[in-house]
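Trainee: Below is a structure I'd like to ask you about.
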Amino acid sequence: MSALMTEKHALMPWETPADEGATHAEEIGMAEPPEQSLEETVRAIQADIAFAVRHTAILVCSNNEALCMVANTGRGQDMPPGGCTFTDGSEVTFRDIGMPQPGVPLMTVQELARAVADKALAMGLVLA
């Protein structure tokens, strides 16, 4: 092994020395998650998996950034086929991306389609 590989990493001017006893979370300024029992961890994982089995995420894709959005929805709902075009040339399509996404609203496909239509209407867009 070369001497360079065995030497400690020299700090760059923007780096701060790591506390030898610190955890990775402490080093990057994050708080440690609270301790929980194995049973609590298993229940949390089971709940996440159950949610993922029952839900999927729908991505609203558009060349108009204001019309892009994502929502979790129950699996098995009918999605709007194809896409639509507005008079300004904005196109919108709905894509099922398969896995629910954290931190996005839970809606039906009809509610999501209505939200897109309401946003387009507020922007003065009309279907072509």
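Residue numbering restarts at 1 in every chain; chains get A, B, ... in the order shown in the structure tokens, and ligands count up from 1 in that same order.
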Fewer than 4 positions away in the same chain doesn't count, so skip those; otherwise give me all residues within 8 Å of A:Ala57, counting only C-alpha atoms, as a PyMOL selection string.
Mentor: chain A and resi 70-73+96-101
Trainee: Those same residues - C-alpha atoms - I'd like them written as a PDB file, in the first residue's frame.
Mentor:
```pdb
ATOM      1  CA  VAL A  70     -47.100  14.548  -8.097  1.00  0.00           C
ATOM      2  CA  ALA A  71     -49.575  12.850  -5.770  1.00  0.00           C
ATOM      3  CA  ASN A  72     -49.973   9.479  -4.127  1.00  0.00           C
ATOM      4  CA  THR A  73     -53.148   7.656  -5.052  1.00  0.00           C
ATOM      5  CA  ASP A  96     -47.923   6.078 -12.867  1.00  0.00           C
ATOM      6  CA  ILE A  97     -44.413   5.840 -11.407  1.00  0.00           C
ATOM      7  CA  GLY A  98     -45.172   2.738  -9.351  1.00  0.00           C
ATOM      8  CA  MET A  99     -44.027   3.642  -5.852  1.00  0.00           C
ATOM      9  CA  PRO A 100     -45.671   6.156  -3.535  1.00  0.00           C
ATOM     10  CA  GLN A 101     -43.491   9.139  -2.744  1.00  0.00           C
TER      11      GLN A 101
END
```
Trainee: Select, from A:Ile49, A:Cys61, A:Leu67, A:Thr41, the residue with the minimum atom-to-atom distance to A:Ala115, counting only C-alpha atoms.
Mentor: A:Leu67
Trainee: Using only C-alpha atoms for the distances, tell me which of A:Leu38, A:Val60, A:Ala50, A:Val92 is nearest to A:Ala128.
Mentor: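 Answer, going by the shortest atom-to-atom distance: A:Val92.
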Trainee: Calculated over only C-alpha atoms, which of the candidates A:Ala113, A:Ala44, A:Cys84, A:Met107 has the smallest distance to A:Val126?
Mentor: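 Closest residue, counting only C-alpha atoms: A:Cys84.
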Trainee: Measure the distance from atom CA of A:Val116 to atom CA of A:Met69 in Å and round it to one decimal.
Mentor: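 A separation of 8.2 Å between them.
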Trainee: Between atom CA of A:Thr93 and atom CA of A:Leu59, what is the spacing in Å?
Mentor: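 That distance, rounded to one decimal, is 8.2 Å.
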Trainee: Using only C-alpha atoms for the distances, tell me which of A:Leu125, A:Pro102, A:Gly29, A:Thr108 is nearest to A:Gly76.
Mentor: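 Closest to A:Gly76 of all the choices is A:Thr108.
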Trainee: Apply DSSP to the backbone of this structure and, from stretch 33-105 of chain A, keep only the residues in helix (DSSP H, G or I); write these as a ChimeraX atom specification.
Mentor: /A:38-54,65-67
Trainee: Could you write those residues out with N, CA and C atoms, as a PDB file, in the first residue's frame?
Mentor:
```pdb
ATOM      1  N   LEU A  38     -36.940  -2.864  18.719  1.00  0.00           N
ATOM      2  CA  LEU A  38     -37.008  -3.666  17.502  1.00  0.00           C
ATOM      3  C   LEU A  38     -38.455  -3.824  17.057  1.00  0.00           C
ATOM      4  N   GLU A  39     -39.365  -4.033  18.000  1.00  0.00           N
ATOM      5  CA  GLU A  39     -40.781  -4.202  17.674  1.00  0.00           C
ATOM      6  C   GLU A  39     -41.353  -2.937  17.030  1.00  0.00           C
ATOM      7  N   GLU A  40     -40.967  -1.762  17.555  1.00  0.00           N
ATOM      8  CA  GLU A  40     -41.433  -0.502  16.971  1.00  0.00           C
ATOM      9  C   GLU A  40     -40.883  -0.317  15.555  1.00  0.00           C
ATOM     10  N   THR A  41     -39.643  -0.683  15.354  1.00  0.00           N
ATOM     11  CA  THR A  41     -39.024  -0.592  14.034  1.00  0.00           C
ATOM     12  C   THR A  41     -39.731  -1.507  13.047  1.00  0.00           C
ATOM     13  N   VAL A  42     -40.013  -2.737  13.448  1.00  0.00           N
ATOM     14  CA  VAL A  42     -40.708  -3.692  12.577  1.00  0.00           C
ATOM     15  C   VAL A  42     -42.105  -3.186  12.244  1.00  0.00           C
ATOM     16  N   ARG A  43     -42.832  -2.646  13.239  1.00  0.00           N
ATOM     17  CA  ARG A  43     -44.184  -2.113  12.974  1.00  0.00           C
ATOM     18  C   ARG A  43     -44.122  -0.953  11.980  1.00  0.00           C
ATOM     19  N   ALA A  44     -43.121  -0.084  12.120  1.00  0.00           N
ATOM     20  CA  ALA A  44     -42.987   1.050  11.200  1.00  0.00           C
ATOM     21  C   ALA A  44     -42.692   0.575   9.781  1.00  0.00           C
ATOM     22  N   ILE A  45     -41.818  -0.408   9.639  1.00  0.00           N
ATOM     23  CA  ILE A  45     -41.508  -0.955   8.313  1.00  0.00           C
ATOM     24  C   ILE A  45     -42.729  -1.641   7.717  1.00  0.00           C
ATOM     25  N   GLN A  46     -43.464  -2.392   8.530  1.00  0.00           N
ATOM     26  CA  GLN A  46     -44.673  -3.058   8.038  1.00  0.00           C
ATOM     27  C   GLN A  46     -45.711  -2.037   7.565  1.00  0.00           C
ATOM     28  N   ALA A  47     -45.851  -0.941   8.299  1.00  0.00           N
ATOM     29  CA  ALA A  47     -46.799   0.106   7.895  1.00  0.00           C
ATOM     30  C   ALA A  47     -46.367   0.741   6.580  1.00  0.00           C
ATOM     31  N   ASP A  48     -45.068   1.005   6.414  1.00  0.00           N
ATOM     32  CA  ASP A  48     -44.565   1.578   5.160  1.00  0.00           C
ATOM     33  C   ASP A  48     -44.818   0.637   3.988  1.00  0.00           C
ATOM     34  N   ILE A  49     -44.556  -0.651   4.180  1.00  0.00           N
ATOM     35  CA  ILE A  49     -44.764  -1.624   3.104  1.00  0.00           C
ATOM     36  C   ILE A  49     -46.245  -1.750   2.772  1.00  0.00           C
ATOM     37  N   ALA A  50     -47.098  -1.767   3.783  1.00  0.00           N
ATOM     38  CA  ALA A  50     -48.544  -1.852   3.548  1.00  0.00           C
ATOM     39  C   ALA A  50     -49.030  -0.645   2.739  1.00  0.00           C
ATOM     40  N   PHE A  51     -48.508   0.536   3.061  1.00  0.00           N
ATOM     41  CA  PHE A  51     -48.880   1.740   2.305  1.00  0.00           C
ATOM     42  C   PHE A  51     -48.409   1.613   0.853  1.00  0.00           C
ATOM     43  N   ALA A  52     -47.179   1.137   0.659  1.00  0.00           N
ATOM     44  CA  ALA A  52     -46.624   0.999  -0.695  1.00  0.00           C
ATOM     45  C   ALA A  52     -47.390  -0.028  -1.520  1.00  0.00           C
ATOM     46  N   VAL A  53     -47.922  -1.054  -0.884  1.00  0.00           N
ATOM     47  CA  VAL A  53     -48.694  -2.067  -1.603  1.00  0.00           C
ATOM     48  C   VAL A  53     -50.038  -1.496  -2.049  1.00  0.00           C
ATOM     49  N   ARG A  54     -50.630  -0.631  -1.244  1.00  0.00           N
ATOM     50  CA  ARG A  54     -51.965  -0.085  -1.540  1.00  0.00           C
ATOM     51  C   ARG A  54     -51.939   1.188  -2.388  1.00  0.00           C
ATOM     52  N   GLU A  65     -43.858  24.167 -16.515  1.00  0.00           N
ATOM     53  CA  GLU A  65     -43.466  23.786 -15.163  1.00  0.00           C
ATOM     54  C   GLU A  65     -44.563  24.015 -14.126  1.00  0.00           C
ATOM     55  N   ALA A  66     -45.398  25.013 -14.334  1.00  0.00           N
ATOM     56  CA  ALA A  66     -46.460  25.324 -13.379  1.00  0.00           C
ATOM     57  C   ALA A  66     -47.513  24.219 -13.305  1.00  0.00           C
ATOM     58  N   LEU A  67     -47.605  23.388 -14.327  1.00  0.00           N
ATOM     59  CA  LEU A  67     -48.608  22.322 -14.346  1.00  0.00           C
ATOM     60  C   LEU A  67     -48.059  20.982 -13.854  1.00  0.00           C
TER      61      LEU A  67
END
```
